[in-house]
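Trainee: Got coords_11.cif for you, mmCIF, C-alpha atoms:
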data_start
#
loop_
_atom_site.label_atom_id
_atom_site.label_comp_id
_atom_site.auth_asym_id
_atom_site.auth_seq_id
_atom_site.Cartn_x
_atom_site.Cartn_y
_atom_site.Cartn_z
CA MET A 1297 -23.85 -60.29 6.78
CA SER A 1298 -22.19 -61.91 3.80
CA ARG A 1299 -18.46 -62.65 3.82
CA THR A 1300 -17.89 -60.20 0.96
CA CYS A 1301 -19.73 -57.46 2.83
CA TRP A 1302 -17.75 -58.20 6.03
CA ILE A 1303 -14.48 -57.79 4.11
CA THR A 1304 -15.66 -54.49 2.63
CA VAL A 1305 -16.69 -53.16 6.06
CA ALA A 1306 -13.41 -54.32 7.59
CA GLY A 1307 -11.44 -52.44 4.95
CA ALA A 1308 -13.53 -49.31 5.39
CA LEU A 1309 -13.12 -49.39 9.17
CA ALA A 1310 -9.36 -49.88 8.85
CA LEU A 1311 -9.07 -46.93 6.48
CA ALA A 1312 -11.25 -44.72 8.69
CA ALA A 1313 -9.14 -45.57 11.74
CA LEU A 1314 -5.98 -44.83 9.78
CA LEU A 1315 -7.20 -41.44 8.56
CA LEU A 1316 -8.30 -40.46 12.06
CA ALA A 1317 -4.93 -41.46 13.53
CA ALA A 1318 -3.03 -39.64 10.78
CA ALA A 1319 -4.92 -36.42 11.49
CA ASP A 1320 -3.81 -36.53 15.13
CA THR A 1321 -0.18 -37.59 14.58
CA PRO A 1322 2.39 -34.77 14.71
CA VAL A 1323 4.82 -34.66 11.81
CA TYR A 1324 8.43 -35.07 12.94
CA SER A 1325 11.01 -33.67 10.56
CA ASP A 1326 13.94 -35.06 12.56
CA HIS A 1327 13.94 -38.83 13.10
CA ALA A 1328 17.54 -38.89 14.34
CA ASP A 1329 16.95 -36.82 17.49
CA LEU A 1330 14.71 -38.85 19.78
CA LEU A 1331 15.05 -36.59 22.81
CA TYR A 1332 12.33 -34.17 21.80
CA TYR A 1333 8.59 -34.35 21.28
CA LEU A 1334 5.94 -32.13 19.73
CA ASP A 1335 3.22 -30.88 22.06
CA SER A 1336 -0.42 -30.28 21.15
CA SER A 1337 0.52 -27.01 19.40
CA ALA A 1338 3.36 -28.75 17.46
CA THR A 1339 5.93 -26.90 19.57
CA ARG A 1340 9.21 -28.76 20.01
CA ARG A 1341 9.85 -29.80 23.65
CA VAL A 1342 12.91 -31.45 25.14
CA VAL A 1343 12.37 -34.95 26.53
CA ARG A 1344 13.39 -34.61 30.18
CA SER A 1345 11.43 -37.39 31.85
CA GLN A 1346 9.84 -40.79 31.34
CA ALA A 1347 6.48 -39.05 30.94
CA ASP A 1348 7.91 -36.90 28.13
CA TRP A 1349 9.33 -39.98 26.45
CA ARG A 1350 5.97 -41.73 26.56
CA VAL A 1351 4.57 -38.88 24.47
CA ARG A 1352 7.26 -39.32 21.80
CA ARG A 1353 6.91 -43.09 21.89
CA ARG A 1354 3.15 -42.82 21.41
CA HIS A 1355 3.77 -40.62 18.38
CA ILE A 1356 6.23 -43.18 16.96
CA LEU A 1357 3.64 -45.96 17.16
CA ALA A 1358 1.01 -43.72 15.59
CA ALA A 1359 3.36 -42.72 12.74
CA PHE A 1360 4.18 -46.37 12.08
CA GLN A 1361 0.47 -47.12 11.77
CA ASP A 1362 0.04 -44.17 9.40
CA VAL A 1363 2.24 -46.20 7.04
CA ALA A 1364 1.39 -49.83 7.87
CA GLY A 1365 -2.25 -49.40 8.81
CA PRO A 1366 -3.88 -49.74 12.23
CA LEU A 1367 -3.16 -52.63 14.55
CA PRO A 1368 -6.43 -54.55 15.12
CA GLN A 1369 -7.92 -53.70 18.49
CA GLY A 1370 -10.50 -55.35 20.72
CA GLU A 1371 -10.78 -58.73 22.34
CA ARG A 1372 -8.79 -61.44 20.61
CA PRO A 1373 -10.50 -64.79 19.94
CA PRO A 1374 -9.46 -68.08 21.57
CA LEU A 1375 -6.31 -69.49 20.00
CA ASP A 1376 -7.85 -72.90 19.28
CA ILE A 1377 -4.43 -74.52 18.83
CA ARG A 1378 -4.57 -77.54 16.54
CA VAL A 1379 -1.70 -80.03 16.36
CA LEU A 1380 -1.43 -81.41 12.84
CA GLY A 1381 1.54 -83.69 13.47
CA GLU A 1382 4.82 -83.96 15.32
CA THR A 1383 8.40 -85.05 14.74
CA ARG A 1384 10.85 -86.20 17.40
CA HIS A 1385 14.38 -84.84 17.44
CA GLU A 1386 17.15 -85.49 19.90
CA GLY A 1387 16.44 -82.99 22.64
CA TYR A 1388 13.03 -81.73 21.53
CA THR A 1389 9.77 -82.41 19.69
CA ARG A 1390 8.65 -80.31 16.72
CA GLN A 1391 4.89 -79.94 16.37
CA SER A 1392 3.18 -78.69 13.23
CA ILE A 1393 0.29 -76.52 14.43
CA THR A 1394 -2.19 -73.84 13.45
CA TYR A 1395 -3.83 -71.24 15.69
CA HIS A 1396 -6.33 -68.44 15.33
CA ALA A 1397 -5.34 -64.91 14.41
CA LEU A 1398 -8.96 -63.84 13.97
CA PRO A 1399 -12.07 -65.93 13.23
CA ASP A 1400 -11.69 -67.70 9.88
CA ASP A 1401 -7.99 -66.81 9.85
CA ARG A 1402 -5.49 -69.42 11.04
CA ILE A 1403 -1.70 -69.13 11.27
CA PRO A 1404 0.54 -72.13 10.41
CA ALA A 1405 3.55 -72.59 12.68
CA TYR A 1406 6.06 -74.98 14.16
CA LEU A 1407 6.25 -75.32 17.93
CA LEU A 1408 9.53 -76.72 19.25
CA LEU A 1409 9.21 -78.24 22.73
CA PRO A 1410 12.43 -79.22 24.53
CA ASP A 1411 12.52 -82.40 26.55
CA GLY A 1412 11.72 -82.00 30.25
CA ARG A 1413 8.89 -80.19 31.98
CA SER A 1414 10.58 -77.44 34.01
CA GLN A 1415 9.58 -73.83 33.45
CA ARG A 1416 11.51 -72.49 30.46
CA PRO A 1417 12.08 -69.27 28.55
CA ALA A 1418 10.32 -68.99 25.21
CA VAL A 1419 11.26 -67.38 21.92
CA LEU A 1420 9.34 -66.28 18.86
CA ALA A 1421 11.64 -67.22 15.95
CA LEU A 1422 10.76 -65.26 12.79
CA HIS A 1423 11.99 -66.56 9.47
CA PRO A 1424 13.84 -64.80 6.62
CA THR A 1425 12.39 -64.45 3.13
CA GLY A 1426 11.87 -67.83 1.47
CA ALA A 1427 9.11 -70.08 0.19
CA LEU A 1428 9.88 -72.60 2.94
CA GLY A 1429 8.87 -70.04 5.56
CA LYS A 1430 8.86 -71.48 9.06
CA GLY A 1431 10.92 -74.45 7.91
CA ILE A 1432 14.01 -72.26 7.46
CA PRO A 1433 14.78 -71.47 11.13
CA ALA A 1434 13.41 -74.87 12.15
CA GLY A 1435 16.39 -76.44 10.36
CA LEU A 1436 14.54 -77.85 7.34
CA GLY A 1437 16.28 -75.65 4.78
CA ASP A 1438 19.65 -76.03 3.14
CA ARG A 1439 21.41 -73.15 4.94
CA ALA A 1440 22.74 -74.04 8.37
CA ASN A 1441 23.25 -70.39 9.28
CA ARG A 1442 19.46 -69.91 9.37
CA SER A 1443 18.62 -72.76 11.79
CA TYR A 1444 18.26 -70.58 14.87
CA ALA A 1445 14.94 -72.06 16.07
CA HIS A 1446 16.41 -75.57 15.98
CA GLU A 1447 19.54 -74.41 17.85
CA LEU A 1448 17.57 -72.53 20.50
CA ALA A 1449 15.39 -75.60 21.14
CA LEU A 1450 18.58 -77.59 21.72
CA ARG A 1451 19.53 -74.95 24.29
CA GLY A 1452 16.26 -75.54 26.13
CA PHE A 1453 14.09 -72.72 24.79
CA ILE A 1454 10.47 -73.30 23.83
CA VAL A 1455 10.33 -71.88 20.31
CA LEU A 1456 7.38 -70.84 18.15
CA VAL A 1457 8.06 -70.37 14.43
CA PRO A 1458 5.07 -68.93 12.54
CA ASP A 1459 4.81 -68.46 8.79
CA TYR A 1460 4.85 -64.91 7.46
CA VAL A 1461 2.19 -63.90 4.93
CA TYR A 1462 2.74 -65.25 1.40
CA MET A 1463 5.39 -67.73 2.60
CA GLY A 1464 5.26 -71.28 3.93
CA ASP A 1465 1.79 -72.81 4.12
CA PRO A 1466 -1.21 -70.95 2.64
CA GLN A 1467 -2.93 -68.22 4.66
CA ARG A 1468 -5.72 -65.73 4.11
CA ASP A 1469 -4.69 -62.72 2.03
CA PRO A 1470 -4.18 -59.82 4.47
CA TYR A 1471 -5.78 -57.28 2.14
CA ASP A 1472 -8.94 -59.38 1.86
CA LEU A 1473 -9.12 -59.19 5.66
CA GLY A 1474 -8.97 -55.39 5.68
CA TYR A 1475 -5.28 -54.90 6.48
CA LEU A 1476 -3.43 -52.10 4.72
CA SER A 1477 -0.08 -53.90 4.72
CA GLY A 1478 1.50 -57.32 4.94
CA THR A 1479 3.68 -55.86 7.69
CA MET A 1480 0.75 -55.13 10.01
CA LYS A 1481 -0.75 -58.56 9.37
CA GLY A 1482 2.59 -60.03 10.35
CA ILE A 1483 2.72 -57.94 13.53
CA TYR A 1484 -0.76 -59.07 14.55
CA ASN A 1485 0.07 -62.71 13.77
CA HIS A 1486 3.22 -62.45 15.86
CA ILE A 1487 1.37 -60.86 18.78
CA ARG A 1488 -0.95 -63.86 18.61
CA GLY A 1489 2.18 -65.99 18.71
CA VAL A 1490 3.13 -64.33 21.99
CA ASP A 1491 -0.41 -65.08 23.21
CA LEU A 1492 0.21 -68.73 22.34
CA LEU A 1493 3.54 -68.89 24.16
CA VAL A 1494 2.04 -67.28 27.26
CA SER A 1495 -0.74 -69.89 27.22
CA LEU A 1496 1.63 -72.87 27.34
CA THR A 1497 2.29 -74.78 30.52
CA GLY A 1498 5.93 -74.32 31.43
CA VAL A 1499 6.38 -70.90 29.84
CA ASP A 1500 7.22 -67.96 32.08
CA ALA A 1501 5.33 -64.98 30.63
CA ASN A 1502 8.10 -62.68 31.82
CA ARG A 1503 10.76 -64.56 29.85
CA ILE A 1504 9.75 -64.29 26.20
CA GLY A 1505 12.09 -63.12 23.44
CA ALA A 1506 12.08 -62.68 19.67
CA ILE A 1507 14.77 -63.49 17.13
CA GLY A 1508 14.98 -63.21 13.36
CA HIS A 1509 17.24 -62.78 10.35
CA SER A 1510 16.54 -60.42 7.41
CA LEU A 1511 12.71 -60.37 7.05
CA GLY A 1512 12.63 -61.95 10.50
CA GLY A 1513 15.16 -59.38 11.71
CA HIS A 1514 12.86 -56.43 11.20
CA ASN A 1515 9.77 -58.43 12.17
CA SER A 1516 11.36 -59.18 15.55
CA LEU A 1517 11.70 -55.42 16.09
CA PHE A 1518 8.15 -54.74 14.90
CA VAL A 1519 6.52 -57.23 17.28
CA ALA A 1520 8.57 -55.88 20.18
CA LEU A 1521 7.51 -52.34 19.25
CA PHE A 1522 3.84 -53.23 19.66
CA ASP A 1523 4.01 -55.97 22.33
CA GLU A 1524 5.94 -55.21 25.50
CA ARG A 1525 5.68 -58.85 26.60
CA VAL A 1526 8.65 -59.40 24.26
CA ARG A 1527 11.41 -58.83 26.80
CA ALA A 1528 14.52 -59.28 24.63
CA VAL A 1529 15.18 -59.09 20.88
CA VAL A 1530 17.82 -60.43 18.50
CA THR A 1531 17.81 -58.89 15.02
CA SER A 1532 20.23 -60.03 12.31
CA CYS A 1533 20.55 -58.13 9.00
CA GLY A 1534 17.12 -56.64 9.58
CA PHE A 1535 17.18 -52.86 9.16
CA ASN A 1536 18.95 -49.57 8.65
CA ALA A 1537 17.88 -45.95 8.30
CA PHE A 1538 15.59 -45.51 5.30
CA ALA A 1539 17.88 -42.97 3.65
CA LYS A 1540 20.61 -45.61 3.39
CA TYR A 1541 18.45 -48.53 2.34
CA LYS A 1542 19.40 -49.16 -1.30
CA LYS A 1543 20.68 -45.56 -1.45
CA GLY A 1544 17.25 -44.26 -0.49
CA ASP A 1545 15.21 -46.35 -2.95
CA LEU A 1546 12.35 -47.72 -0.83
CA THR A 1547 10.85 -49.85 -3.61
CA GLY A 1548 11.64 -53.02 -1.68
CA TRP A 1549 9.77 -51.76 1.37
CA SER A 1550 6.67 -50.86 -0.66
CA SER A 1551 5.69 -54.32 -1.97
CA ASP A 1552 2.50 -56.06 -0.87
CA LYS A 1553 4.56 -58.19 1.52
CA TYR A 1554 5.52 -55.01 3.37
CA MET A 1555 3.93 -51.55 3.31
CA PRO A 1556 2.49 -50.48 -0.08
CA ARG A 1557 1.55 -47.04 1.30
CA ILE A 1558 5.28 -46.25 1.24
CA ALA A 1559 4.77 -45.95 -2.53
CA SER A 1560 1.15 -44.84 -2.83
CA VAL A 1561 1.25 -42.15 -0.12
CA TYR A 1562 4.92 -41.36 0.53
CA GLY A 1563 6.36 -41.74 -2.97
CA ARG A 1564 9.07 -44.15 -1.79
CA ASP A 1565 10.87 -41.07 -0.47
CA PRO A 1566 12.77 -41.45 2.85
CA ALA A 1567 12.37 -37.72 3.51
CA ARG A 1568 8.58 -38.04 3.46
CA MET A 1569 8.37 -41.09 5.74
CA PRO A 1570 6.66 -40.34 9.06
CA PHE A 1571 8.85 -42.81 10.97
CA ASP A 1572 12.28 -44.40 10.66
CA PHE A 1573 14.14 -47.31 12.22
CA THR A 1574 15.96 -44.85 14.46
CA GLU A 1575 12.63 -44.47 16.26
CA VAL A 1576 11.62 -48.14 16.10
CA LEU A 1577 14.85 -49.07 17.87
CA GLY A 1578 14.56 -46.30 20.45
CA ALA A 1579 10.92 -47.11 21.19
CA ILE A 1580 11.86 -50.64 22.33
CA ALA A 1581 14.03 -49.25 25.15
CA PRO A 1582 14.82 -50.21 27.83
CA ARG A 1583 14.31 -53.81 26.72
CA PRO A 1584 17.51 -55.57 25.59
CA VAL A 1585 18.26 -55.65 21.84
CA PHE A 1586 21.14 -57.53 20.18
CA ILE A 1587 21.93 -56.35 16.65
CA SER A 1588 24.08 -58.18 14.11
CA ALA A 1589 24.87 -55.81 11.24
CA PRO A 1590 27.57 -57.22 8.97
CA THR A 1591 30.02 -54.86 7.31
CA GLY A 1592 29.25 -56.32 3.88
CA ASP A 1593 25.45 -56.50 4.03
CA ALA A 1594 24.22 -55.31 0.63
CA ASN A 1595 20.58 -55.16 1.80
CA PHE A 1596 21.05 -53.06 4.93
CA GLU A 1597 24.21 -50.98 4.55
CA VAL A 1598 26.02 -50.88 7.87
CA SER A 1599 26.46 -47.13 8.24
CA GLY A 1600 22.67 -46.82 8.18
CA VAL A 1601 22.49 -49.28 11.10
CA LYS A 1602 25.03 -47.17 12.97
CA ASP A 1603 22.84 -44.12 12.33
CA CYS A 1604 20.01 -45.92 14.12
CA LEU A 1605 22.27 -46.93 16.99
CA ARG A 1606 23.52 -43.37 17.37
CA ALA A 1607 19.93 -42.11 17.59
CA ALA A 1608 18.69 -44.78 19.99
CA ARG A 1609 21.61 -44.86 22.42
CA PRO A 1610 20.61 -41.65 24.26
CA VAL A 1611 17.20 -43.20 24.98
CA TYR A 1612 18.85 -46.26 26.50
CA GLU A 1613 21.63 -44.37 28.28
CA LYS A 1614 20.14 -41.04 29.37
CA LEU A 1615 16.49 -41.93 29.91
CA HIS A 1616 16.78 -45.51 31.15
CA SER A 1617 20.39 -45.94 32.39
CA ALA A 1618 20.44 -49.13 30.32
CA ALA A 1619 23.47 -48.78 28.05
CA ASP A 1620 24.32 -52.48 28.43
CA ARG A 1621 20.98 -53.49 26.94
CA LEU A 1622 21.70 -52.21 23.43
CA VAL A 1623 24.42 -54.39 21.88
CA ALA A 1624 25.64 -54.30 18.28
CA VAL A 1625 28.20 -56.47 16.50
CA HIS A 1626 29.52 -56.06 12.96
CA PRO A 1627 30.89 -59.33 11.56
CA GLU A 1628 32.95 -59.13 8.40
CA CYS A 1629 30.58 -60.94 6.06
CA GLY A 1630 27.63 -60.31 3.79
CA HIS A 1631 23.91 -60.75 4.48
CA ASP A 1632 24.44 -63.68 6.85
CA PHE A 1633 24.11 -64.87 10.44
CA PRO A 1634 27.38 -66.72 11.07
CA PRO A 1635 27.86 -69.35 13.82
CA SER A 1636 30.00 -67.23 16.15
CA ILE A 1637 27.45 -64.41 16.05
CA ARG A 1638 24.52 -66.77 16.60
CA ALA A 1639 26.29 -68.16 19.66
CA ARG A 1640 26.67 -64.62 21.05
CA ALA A 1641 23.01 -63.93 20.27
CA TYR A 1642 21.88 -67.05 22.15
CA ASP A 1643 24.10 -66.10 25.11
CA PHE A 1644 22.44 -62.67 25.04
CA LEU A 1645 18.95 -64.21 25.19
CA GLU A 1646 20.03 -66.48 28.03
CA LYS A 1647 21.50 -63.53 29.93
CA TRP A 1648 18.23 -61.61 29.86
CA LEU A 1649 15.66 -64.42 29.86
CA VAL A 1650 17.18 -67.17 32.02
CA PRO A 1651 17.60 -66.58 35.78
CA ALA A 1652 21.18 -66.95 37.02
CA ARG A 1653 20.30 -69.97 39.17
CA GLU A 1654 19.51 -71.98 36.02
#
Mind turning the file's structure into structure tokens?
Mentor:
Amino acid sequence: MSRTCWITVAGALALAALLLAAADTPVYSDHADLLYYLDSSATRRVVRSQADWRVRRRHILAAFQDVAGPLPQGERPPLDIRVLGETRHEGYTRQSITYHALPDDRIPAYLLLPDGRSQRPAVLALHPTGALGKGIPAGLGDRANRSYAHELALRGFIVLVPDYVYMGDPQRDPYDLGYLSGTMKGIYNHIRGVDLLVSLTGVDANRIGAIGHSLGGHNSLFVALFDERVRAVVTSCGFNAFAKYKKGDLTGWSSDKYMPRIASVYGRDPARMPFDFTEVLGAIAPRPVFISAPTGDANFEVSGVKDCLRAARPVYEKLHSAADRLVAVHPECGHDFPPSIRARAYDFLEKWLVPARE
């Protein structure tokens, strides 16, 4: 089969899977109340048990894929990690690597390896928007408040920093590969990043977290939504309820870097969206999530973040008795990740990923 034909078939299969999933996904009119689900006759039922919640959570994941396209299924290929070079820093070594997403599709990344060989927690550090990509959290940019991968490595975390699509080093175009969104390509790449961390000697597979600011802030939530091996999340300036994003104008979310179906299918209208961040946040429960939502963030207006917290808290508190695992702070600043908040975020990751004896 020619490469062009393979791409065409891949796109057709992705679209067919999406249409099939969409036909079976109930339409939820209320994304703020997470303690109900729709049964097979679309009758509203109260969530009273973990089994009931699993139904609603399954619907949330299906609705997300109605927008972003289906997550690739099936056996994943060997990672085939290639080290392109390395740089020594005081306290850790930074390797420049690539690894397989799918055959003929490699992901560029930095891998930060702290000195010493004891078993360590690991973190997927997802970068904000910027041409430098992975270099931003690795400390190679000009904004110190974005160097969270570098700072976590100094704290003893093994850190993987992959490039997002269209940023950093060149990658295959996700649409040529059959994806229906840059967002879903990013999710799959980041799941492969978790595969890589799990494969490393010295990484405890039960102690993997994700952290990100802005673009990386919502990507850290997205990978946790689809990969339960992510045991703790830090999200800075990464989301709010769609109705309060840019006063309900979802143009920014509908670009090729994100989910173009938000425009082509849902008319950039929050009221027509089949999922919201209220549900994304709730569906991660009971895993710990630390949220930094500044009072002056012009991208993700803070009252919309509080709407999401208000919706998700009952899932944490009533269904999982895990109120202490959903933490939100609201620094008085703009779209930023200030030092005092980063320190609290790192303490949070250490609390949930590092055993007390360490």
Trainee: If I put a ball of radius 6 Å at (6.7, -40.1, 12.5) in the file's coordinates, which residues poke into it when counting only C-alpha atoms, written as a VMD selection string?
Mentor: chain A and resid 1323 to 1324 1356 1359 1570 to 1571
Trainee: Mind writing the picked residues with C-alpha atoms as a CSV table (one decimal), in the coordinates of the input?
Mentor:
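Output contents, as saved in again-v2.csv:
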chain,number,residue,atom,x,y,z
A,1323,VAL,CA,4.8,-34.7,11.8
A,1324,TYR,CA,8.4,-35.1,12.9
A,1356,ILE,CA,6.2,-43.2,17.0
A,1359,ALA,CA,3.4,-42.7,12.7
A,1570,PRO,CA,6.7,-40.3,9.1
A,1571,PHE,CA,8.8,-42.8,11.0
Trainee: Considering only C-alpha atoms, tabulate each residue of region 1404-1464 of chain A that lies at most 9 Å from region 1386-1394 of chain A along with its nearest interatomic pair and the corresponding distance in Å to one decimal; arrange the rows by chain and ascending residue number and present them as a Markdown table.
Mentor:
| residue | atom | partner | partner_atom | distance |
| --- | --- | --- | --- | --- |
| A:Pro1404 | CA | A:Thr1394 | CA | 4.4 |
| A:Ala1405 | CA | A:Ile1393 | CA | 5.4 |
| A:Tyr1406 | CA | A:Ser1392 | CA | 4.8 |
| A:Leu1407 | CA | A:Gln1391 | CA | 5.1 |
| A:Leu1408 | CA | A:Arg1390 | CA | 4.5 |
| A:Leu1409 | CA | A:Thr1389 | CA | 5.2 |
| A:Pro1410 | CA | A:Tyr1388 | CA | 4.0 |
| A:Asp1411 | CA | A:Tyr1388 | CA | 5.1 |
| A:Gly1412 | CA | A:Tyr1388 | CA | 8.8 |
| A:Ala1434 | CA | A:Arg1390 | CA | 8.6 |
| A:His1446 | CA | A:Tyr1388 | CA | 9.0 |
| A:Ala1449 | CA | A:Tyr1388 | CA | 6.6 |
| A:Leu1450 | CA | A:Gly1387 | CA | 5.9 |
| A:Arg1451 | CA | A:Gly1387 | CA | 8.8 |
| A:Gly1452 | CA | A:Gly1387 | CA | 8.2 |
| A:Pro1458 | CA | A:Thr1394 | CA | 8.8 |
Trainee: Okay, now the selection with C-alpha atoms, as a CSV table (one decimal), in the coordinates of the input?
Mentor:
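The file below, again34.csv, is the result:
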chain,number,residue,atom,x,y,z
A,1404,PRO,CA,0.5,-72.1,10.4
A,1405,ALA,CA,3.6,-72.6,12.7
A,1406,TYR,CA,6.1,-75.0,14.2
A,1407,LEU,CA,6.2,-75.3,17.9
A,1408,LEU,CA,9.5,-76.7,19.2
A,1409,LEU,CA,9.2,-78.2,22.7
A,1410,PRO,CA,12.4,-79.2,24.5
A,1411,ASP,CA,12.5,-82.4,26.6
A,1412,GLY,CA,11.7,-82.0,30.2
A,1434,ALA,CA,13.4,-74.9,12.2
A,1446,HIS,CA,16.4,-75.6,16.0
A,1449,ALA,CA,15.4,-75.6,21.1
A,1450,LEU,CA,18.6,-77.6,21.7
A,1451,ARG,CA,19.5,-75.0,24.3
A,1452,GLY,CA,16.3,-75.5,26.1
A,1458,PRO,CA,5.1,-68.9,12.5
Trainee: Written as a compact mmCIF listing (two decimals) with C-alpha atoms, in the coordinates of the input, which residues does the PyMOL selection byres ((chain A and resi 1532-1538) around 9) give for the file shown?
Mentor:
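Contents of expr-v7.txt, freshly written:
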# COMPACT_ATOMS: atom_id res chain seq x y z
CA ILE A 1507 14.77 -63.49 17.13
CA GLY A 1508 14.98 -63.21 13.36
CA HIS A 1509 17.24 -62.78 10.35
CA SER A 1510 16.54 -60.42 7.41
CA LEU A 1511 12.71 -60.37 7.05
CA GLY A 1512 12.63 -61.95 10.50
CA GLY A 1513 15.16 -59.38 11.71
CA HIS A 1514 12.86 -56.43 11.20
CA ASN A 1515 9.77 -58.43 12.17
CA SER A 1516 11.36 -59.18 15.55
CA LEU A 1517 11.70 -55.42 16.09
CA VAL A 1530 17.82 -60.43 18.50
CA THR A 1531 17.81 -58.89 15.02
CA ALA A 1539 17.88 -42.97 3.65
CA LYS A 1540 20.61 -45.61 3.39
CA TYR A 1541 18.45 -48.53 2.34
CA LYS A 1542 19.40 -49.16 -1.30
CA LYS A 1543 20.68 -45.56 -1.45
CA GLY A 1544 17.25 -44.26 -0.49
CA ASP A 1545 15.21 -46.35 -2.95
CA LEU A 1546 12.35 -47.72 -0.83
CA ASP A 1565 10.87 -41.07 -0.47
CA PRO A 1566 12.77 -41.45 2.85
CA ALA A 1567 12.37 -37.72 3.51
CA MET A 1569 8.37 -41.09 5.74
CA ASP A 1572 12.28 -44.40 10.66
CA PHE A 1573 14.14 -47.31 12.22
CA THR A 1574 15.96 -44.85 14.46
CA PHE A 1586 21.14 -57.53 20.18
CA ILE A 1587 21.93 -56.35 16.65
CA SER A 1588 24.08 -58.18 14.11
CA ALA A 1589 24.87 -55.81 11.24
CA PRO A 1590 27.57 -57.22 8.97
CA ASP A 1593 25.45 -56.50 4.03
CA ASN A 1595 20.58 -55.16 1.80
CA PHE A 1596 21.05 -53.06 4.93
CA GLU A 1597 24.21 -50.98 4.55
CA VAL A 1598 26.02 -50.88 7.87
CA SER A 1599 26.46 -47.13 8.24
CA GLY A 1600 22.67 -46.82 8.18
CA VAL A 1601 22.49 -49.28 11.10
CA LYS A 1602 25.03 -47.17 12.97
CA ASP A 1603 22.84 -44.12 12.33
CA CYS A 1604 20.01 -45.92 14.12
CA HIS A 1631 23.91 -60.75 4.48
CA ASP A 1632 24.44 -63.68 6.85
CA PHE A 1633 24.11 -64.87 10.44
Trainee: Would you mind telling me which residue in A:Arg1609, A:Arg1638, A:Arg1416, A:Arg1621 lies nearest to Ala1328 (chain A) when using only C-alpha atoms?
Mentor: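 Of A:Arg1609, A:Arg1638, A:Arg1416, A:Arg1621, the one nearest Ala1328 (chain A), counting only C-alpha atoms, is A:Arg1609.
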Trainee: I'd like the neighbourhood of Ser1550 (chain A) as a PyMOL selection string, where a residue qualifies if any of its atoms comes within 8 Å (using only C-alpha atoms), though same-chain residues fewer than 6 positions away should be ignored.
Mentor: chain A and resi 1556-1559+1564
Trainee: I'd like the contact shell of Glu1524 (chain A) - 10 Å cut-off, all atoms listed in the file, skipping same-chain residues fewer than 6 positions apart - returned as a PyMOL selection string.
Mentor: chain A and resi 1487+1504+1580+1583
Trainee: Can you turn the PyMOL selection byres ((chain A and resi 1528) around 6) into a concrete residue list for this file, as a list in words?
Mentor: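 Listing what the PyMOL selection byres ((chain A and resi 1528) around 6) selects in the shown file: Gly1505, Val1526, Arg1527, Val1529, Arg1583, Pro1584 and Val1585 of chain A.
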Trainee: Could you model N, CA and C atoms for region 1619-1630 of chain A and present them as a compact mmCIF listing (two decimals), keeping the file's coordinate frame?
Mentor:
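Result written to selection_24.txt:
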# COMPACT_ATOMS: atom_id res chain seq x y z
N ALA A 1619 22.55 -48.71 29.18
CA ALA A 1619 23.47 -48.78 28.05
C ALA A 1619 23.84 -50.21 27.69
N ASP A 1620 23.90 -51.10 28.69
CA ASP A 1620 24.32 -52.48 28.43
C ASP A 1620 23.25 -53.30 27.73
N ARG A 1621 22.07 -52.73 27.54
CA ARG A 1621 20.98 -53.49 26.94
C ARG A 1621 20.88 -53.29 25.43
N LEU A 1622 21.67 -52.41 24.89
CA LEU A 1622 21.70 -52.21 23.43
C LEU A 1622 23.08 -52.62 22.94
N VAL A 1623 23.15 -53.78 22.29
CA VAL A 1623 24.42 -54.39 21.88
C VAL A 1623 24.42 -54.55 20.36
N ALA A 1624 25.52 -54.15 19.74
CA ALA A 1624 25.64 -54.30 18.28
C ALA A 1624 26.99 -54.92 17.94
N VAL A 1625 26.97 -55.86 17.00
CA VAL A 1625 28.20 -56.47 16.50
C VAL A 1625 28.20 -56.34 14.98
N HIS A 1626 29.40 -56.29 14.40
CA HIS A 1626 29.52 -56.06 12.96
C HIS A 1626 30.49 -57.08 12.36
N PRO A 1627 30.01 -58.31 12.15
CA PRO A 1627 30.89 -59.33 11.56
C PRO A 1627 31.29 -58.96 10.14
N GLU A 1628 32.45 -59.41 9.75
CA GLU A 1628 32.95 -59.13 8.40
C GLU A 1628 32.43 -60.21 7.44
N CYS A 1629 31.21 -60.01 6.99
CA CYS A 1629 30.58 -60.94 6.06
C CYS A 1629 29.46 -60.20 5.35
N GLY A 1630 28.76 -60.90 4.48
CA GLY A 1630 27.63 -60.31 3.79
C GLY A 1630 26.35 -60.49 4.59
